[in-house]
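Novice: Structure in structure tokens, see below.
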4 protein chains.
Amino acid sequence: MCRWLAYHGSPIIIDRLLTKPNHSLVDQSINARHLALPGYALAEQFRGHDFPTNGDGFGIAWAGRQGKIGQFHQITPAWDSNNLHSLAEQIETTALLAHVRAAPGGTIAEDNCHPFVHNGWMFQHNGEIGGFSSLKRDLTLEVSPELYPFITGNSDTETCFYLALTYGLAEDLVGAFLKLNSRIESARADRKVTEPFTACMAASDGETLVTMRVSSQSNLGGAQPPTSPSLYCAEGPAKIRLTDGTEEQLPADTQLVCSEPLELHFSDHTWKAVPDRTITVFKRGQAPAHTRIPPV
Amino acid sequence: MCRWLAYHGSPIIIDRLLTKPNHSLVDQSINARHLALPGYALAEQFRGHDFPTNGDGFGIAWAGRQGKIGQFHQITPAWDSNNLHSLAEQIETTALLAHVRAAPGGTIAEDNCHPFVHNGWMFQHNGEIGGFSSLKRDLTLEVSPELYPFITGNSDTETCFYLALTYGLAEDLVGAFLKLNSRIESARADRKVTEPFTACMAASDGETLVTMRVSSQSNLGGAQPPTSPSLYCAEGPAKIRLTDGTEEQLPADTQLVCSEPLELHFSDHTWKAVPDRTITVFKRGQAPAHTRIPPV
Amino acid sequence: MCRWLAYHGSPIIIDRLLTKPNHSLVDQSINARHLALPGYALAEQFRGHDFPTNGDGFGIAWAGRQGKIGQFHQITPAWDSNNLHSLAEQIETTALLAHVRAAPGGTIAEDNCHPFVHNGWMFQHNGEIGGFSSLKRDLTLEVSPELYPFITGNSDTETCFYLALTYGLAEDLVGAFLKLNSRIESARADRKVTEPFTACMAASDGETLVTMRVSSQSNLGGAQPPTSPSLYCAEGPAKIRLTDGTEEQLPADTQLVCSEPLELHFSDHTWKAVPDRTITVFKRGQAPAHTRIPPV
Amino acid sequence: MCRWLAYHGSPIIIDRLLTKPNHSLVDQSINARHLALPGYALAEQFRGHDFPTNGDGFGIAWAGRQGKIGQFHQITPAWDSNNLHSLAEQIETTALLAHVRAAPGGTIAEDNCHPFVHNGWMFQHNGEIGGFSSLKRDLTLEVSPELYPFITGNSDTETCFYLALTYGLAEDLVGAFLKLNSRIESARADRKVTEPFTACMAASDGETLVTMRVSSQSNLGGAQPPTSPSLYCAEGPAKIRLTDGTEEQLPADTQLVCSEPLELHFSDHTWKAVPDRTITVFKRGQAPAHTRIPPV
């Protein structure tokens, strides 16, 4: 339920990620290929194919001028947006988060479009807190009273973001994400919610990127497949196939994480699956640091 | 900081209220004439005139078919809306709430457009809870946990609506509004908020209409003018001047309450100011019943 | 590249067509199953499945009150729209046109949302005039100068509508559609356009419904399949499977035409394919009258 | 019936023009002070004040990266737009056009938001072609057939832009504008239109800026006031009063043209009225060159 990408590296014009690749994020807005929605009736109608549509708005946020994070959100589909196509040609940055939204049953508002931005941080999510309406009050009350008034939308993701900030995201990236996951799981247990929590999340302050791939059932092993959404990583000067058939090479210091590869036919050599139940910290110029999430 | 109207009476096609009068609600969206915003810097720039613009979205809700309240919300200005002009010609009802929004500093979303609708009730508001960001958490926590998940936007009005429902709006109209007002005032006192609470509110279940005109300083008397927004009432077969210069007569059983009269030049005979610090209950076929709100 | 339905019959509340069936028009906005787009690169990526997404806005028009055609258009996807869900519960009519739009390469505006409405007629289209940018000027110049100023959008369909009105739609339904088709074909020949014209069109004045299914290559026979979009018809008290698993029966005098059946698994007994190269006139209480379109 | 600004000069971040001044273009979207609309009934209701509201969408275009003109258009009011506030902080350019729209009777679409952009040129307009519906066909037919398909909206301004391009804007700035003005006037005469043509227009290719201030009655002299909209120019290191009370100085090579000054209380020393019936060419590093428009 959504597709996103996160880029850290040398300055690039963001059309190289958003619109030019042959399975760019904009292409994924209308034609996602790895979006499994177990238990979602409409998805089952796609008869073995993954759910292709992420048309419930989109957003981008990036390390910008004047020490600020730039942001742009729109409620209409990304594939349609002349604004997005022009802005993608004009924005150059060293750190980008970008998101196309699928929100079955949610409401459509800029306030609900990812990435969420507050106090120098940007944040996005693919997945959902199952049974969120039963958990929303408990989780929202846990947000620090100082941060509470900044919540403007109604999505589970925004609650996650303000919880992560409450848990000290700026000081302890891994600790904040671990606590976020365990708090959501304890809320599910408290309220006896059976629908799983599923998440691929990303947060960035422009300098450090952190991602988490996890879900309620990802530690079960055995017959049932994990429900964590897909997440891929490409590092270094990856070549990406463009819609015009040519290839373009990313900067040598690229750190790129995506819900699915930006190419229709992709090599496992370039695109590595991010391990499940893992928090990954990408510091510039360093190899990514993985932390295994223990069973809750 | 908004304009609204509420109609109860015999079935009418709602263009007679929304678009045809020479100071219809749609005209008030771009040209309000009695919208005072004490202390609002931008309003002061209008040099003695009231703030004319209510362009931050609009909405209508009405007693509809299938035992349901119909609703329509849009984020663009009412004066622009071809949809609103056509729907106004097509919708016939015995109970209508309609609202054009001015939201300085607020966010623009259908979720923030009045009237709010839940469980057979519709609700709208002109005014604001001053210092709401300081009070939002306290007030929202007071909403019944069963109702809490239905809050989808971030406006002070939606919080008021769910508080009124929490306080038993369906069982005790006057009691729920009294409690709403006193709870907001106690929250202001708790948090030492000095910006006033100002309100003209309306709620309807299609059978009974209730309005409240009140503000924090409306009981002070003395030199300072009350800050309650304007509210007018017209009852019975009022004639309204249309944009084409003719007059049209409303049904004999009309109960109509508006932020300002639907005519540019209006008679005090037709349009009575609703008394300040008053809750008024309009039951069909009965004279309105006023309840004075005691000082908090 | 769109989906639509047209209903004539006894008054019905339109949720019975738009939202309740298990493959309602709203379901078709995100999950169309019979939308072939030969030669469209993105559609080929769906690997043998038809292109599912009609998310570039939607609209409805209906025989309404005050002798007027009511209308509502929105630029966001139909599957998302709380407005559409509520209006569908509230609007009752004897004649409805409804449309969900897929506009690859087009622009997103209410002005481009079908159905188009002018002077008592409503009009909608699935398909496209291939190479329209080469033909637009020739075709638009042919619109009557009196009608020309009413064109507000940039779609090929709106040009078709005003051409049909220019050709006397109100006086000679079949003649106007025949002339429209032949004029488009002669323009294609003049400009040596090779992309086909494809169309399932519907026009209604609330009393009579006329549809046309045709395409440039639909008369070729031989190996190449026709490119006319799919079109189905159901007449009389058809039972439709709803999303809740139950069935609902339409009025006995139903005349219903759709891009694809309103049920996921449908019976050929209920849903008949409309013959290709055919103009069909539905008068109330009469069997549909088919006119074969001769080769151009 | 709009407000705009055009800037050429050293690179600046555009919030210095769009949002920070105390009568910035965003402030003018809700509180224009010099917008006279002679003969417009609603404007007369503002009782001697000018019409304040330009809420029917907005747009910006700028000399951008990759040799392209960047652009962003939105249909909701500028004063509301979080996107505009963030983008204004992030975009740096040497050439900006920016526009807030008032479109009484027009339709609301990104396709109708100025600035219009085509083939390296950007274009915007305040004013209108009176009686445009009578003239639209004649004027549109005069657009070069090669350019015709690029018209996507329905505004008089877009027609003016494509006419100016047809008349060789890129080769002869002054000649193209003179021909545009005379052709509109001849069309008015042909169709016996009495409503005036009024215009303050601006075009830029990023290197040269050209403006035209003219109207049908601006050459009459005598008792009747000219109907050309207001237009002001500031050159060099002008200091502008910001909303926070401080002043900020523009670059020394600033060439800035605006519908009205960006300050609430402005000095005639800084802000010069652009003469009526004048085409002005601003080349970088040169004094503006004025061409008087002869009576038609």
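Chain identifiers are assigned as A, B, and so on, following the order in which chains appear in the structure tokens; residues are numbered from 1 within each chain, and ligands are numbered from 1 in order of appearance.
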Using backbone DSSP assignments, extract all helix (DSSP H, G or I) residues from stretch 51-149 of chain A; output them as an MDAnalysis selection string.
Specialist: chainID A and resid 65:67 78:80 82:90 110:112 132:141 148:149
Novice: At a cut-off of 8 Å, using only C-alpha atoms, what residues contact A:Ile69? Leave out same-chain residues fewer than 5 positions from it and give the result as a tab-separated table (two decimals) with all heavy atoms, in the first residue's frame.
Specialist:
chain	number	residue	atom	x	y	z
A	61	ALA	N	10.17	15.11	-0.55
A	61	ALA	CA	10.83	16.00	0.40
A	61	ALA	C	12.33	15.83	0.18
A	61	ALA	O	12.78	14.73	-0.17
A	61	ALA	CB	10.44	15.66	1.84
A	62	TRP	N	13.07	16.91	0.35
A	62	TRP	CA	14.49	16.84	0.02
A	62	TRP	C	15.27	17.85	0.85
A	62	TRP	O	14.74	18.87	1.31
A	62	TRP	CB	14.71	17.11	-1.47
A	62	TRP	CG	14.35	18.50	-1.93
A	62	TRP	CD1	15.20	19.56	-2.08
A	62	TRP	CD2	13.05	18.99	-2.28
A	62	TRP	NE1	14.51	20.66	-2.51
A	62	TRP	CE2	13.19	20.34	-2.65
A	62	TRP	CE3	11.75	18.43	-2.31
A	62	TRP	CZ2	12.10	21.14	-3.03
A	62	TRP	CZ3	10.68	19.23	-2.69
A	62	TRP	CH2	10.87	20.55	-3.06
A	63	ALA	N	16.57	17.52	1.02
A	63	ALA	CA	17.49	18.44	1.67
A	63	ALA	C	17.63	19.66	0.76
A	63	ALA	O	18.12	19.53	-0.35
A	63	ALA	CB	18.84	17.76	1.88
A	64	GLY	N	17.19	20.81	1.25
A	64	GLY	CA	17.08	21.96	0.37
A	64	GLY	C	17.92	23.15	0.80
A	64	GLY	O	18.85	23.04	1.60
A	117	VAL	N	7.13	15.97	7.22
A	117	VAL	CA	8.33	16.77	7.52
A	117	VAL	C	8.10	17.52	8.82
A	117	VAL	O	7.05	18.15	9.01
A	117	VAL	CB	8.60	17.78	6.38
A	117	VAL	CG1	9.77	18.70	6.74
A	117	VAL	CG2	8.88	17.05	5.07
A	120	GLY	N	13.34	19.35	10.72
A	120	GLY	CA	14.56	18.87	10.08
A	120	GLY	C	14.55	17.41	9.69
A	120	GLY	O	15.54	16.91	9.14
A	121	TRP	N	13.46	16.72	9.94
A	121	TRP	CA	13.34	15.31	9.58
A	121	TRP	C	12.24	15.11	8.55
A	121	TRP	O	11.23	15.81	8.55
A	121	TRP	CB	13.02	14.46	10.82
A	121	TRP	CG	14.23	14.28	11.69
A	121	TRP	CD1	14.64	15.08	12.70
A	121	TRP	CD2	15.21	13.24	11.57
A	121	TRP	NE1	15.82	14.62	13.24
A	121	TRP	CE2	16.19	13.48	12.56
A	121	TRP	CE3	15.37	12.13	10.72
A	121	TRP	CZ2	17.31	12.65	12.72
A	121	TRP	CZ3	16.47	11.30	10.90
A	121	TRP	CH2	17.43	11.57	11.90
A	122	MET	N	12.48	14.13	7.68
A	122	MET	CA	11.43	13.70	6.74
A	122	MET	C	11.23	12.19	6.92
A	122	MET	O	12.18	11.47	7.28
A	122	MET	CB	11.80	14.06	5.31
A	122	MET	CG	13.25	13.87	4.89
A	122	MET	SD	13.58	14.55	3.22
A	122	MET	CE	15.38	14.46	3.18
Novice: Check every residue of chain B for an atom within 8 Å of chain D, counting only C-alpha atoms, and provide those that qualify as a PyMOL selection string.
Specialist: chain B and resi 30-31+45-46+53+55-56+75-77+80+104-105+107-108
Novice: Write out as a ChimeraX atom specification each polymer residue whose atoms come within 8 Å of A:Thr270, counting only C-alpha atoms; drop sequence neighbours fewer than 5 positions from it.
Specialist: /A:234-235,238
Novice: Would you work out the distance separating atom CA of B:Arg241 from atom CA of B:Ala98, expressed in Å to one decimal?
Specialist: 19.3 Å
Novice: What is the distance, in Å and to one decimal place, between atom CA of D:Ser215 and atom CA of C:Glu146?
Specialist: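 Interatomic distance here is 26.8 Å.
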Novice: Do a neighbour search on A:Ala187 at 8 Å with only C-alpha atoms, toss out local chain neighbours closer than 3 positions, and write the hits as number ranges by chain.
Specialist: A: 135, 138-139, 183-184, 190-191
Novice: If you count only C-alpha atoms, which residues fall within 12 Å of A:Asn126, apart from same-chain ones fewer than 4 positions away, as an MDAnalysis selection string?
Specialist: chainID A and resid 1:5 35:37 54 98:103 113:115 155:158 160 197:202 211:215 227:231 258:260
Novice: Could you pull out all residues of stretch 38-233 of chain D with a DSSP call of strand (DSSP E or B) and give them as number ranges by chain?
Specialist: D: 58-63, 69-74, 92-101, 116-118, 121-129, 197-204, 208-215, 232-233
Novice: Excluding A:Asp253 and any residue of its chain fewer than 4 positions from it, enumerate the residues within 9 Å of it, using only C-alpha atoms, and give them as JSON, numbers by chain.
Specialist: {"A": [8, 9, 10, 235, 236, 237, 284, 285]}
Novice: At a cut-off of 6 Å, using only C-alpha atoms, what residues contact D:Phe282? Leave out same-chain residues fewer than 6 positions from it and give the result as number ranges by chain.
Specialist: D: 208-209, 288
Novice: Can you work out the spacing between atom CA of A:Ala95 and atom CA of A:Gln255 in Å, to one decimal?
Specialist: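 Computing it gives 9.5 Å between the two atoms.
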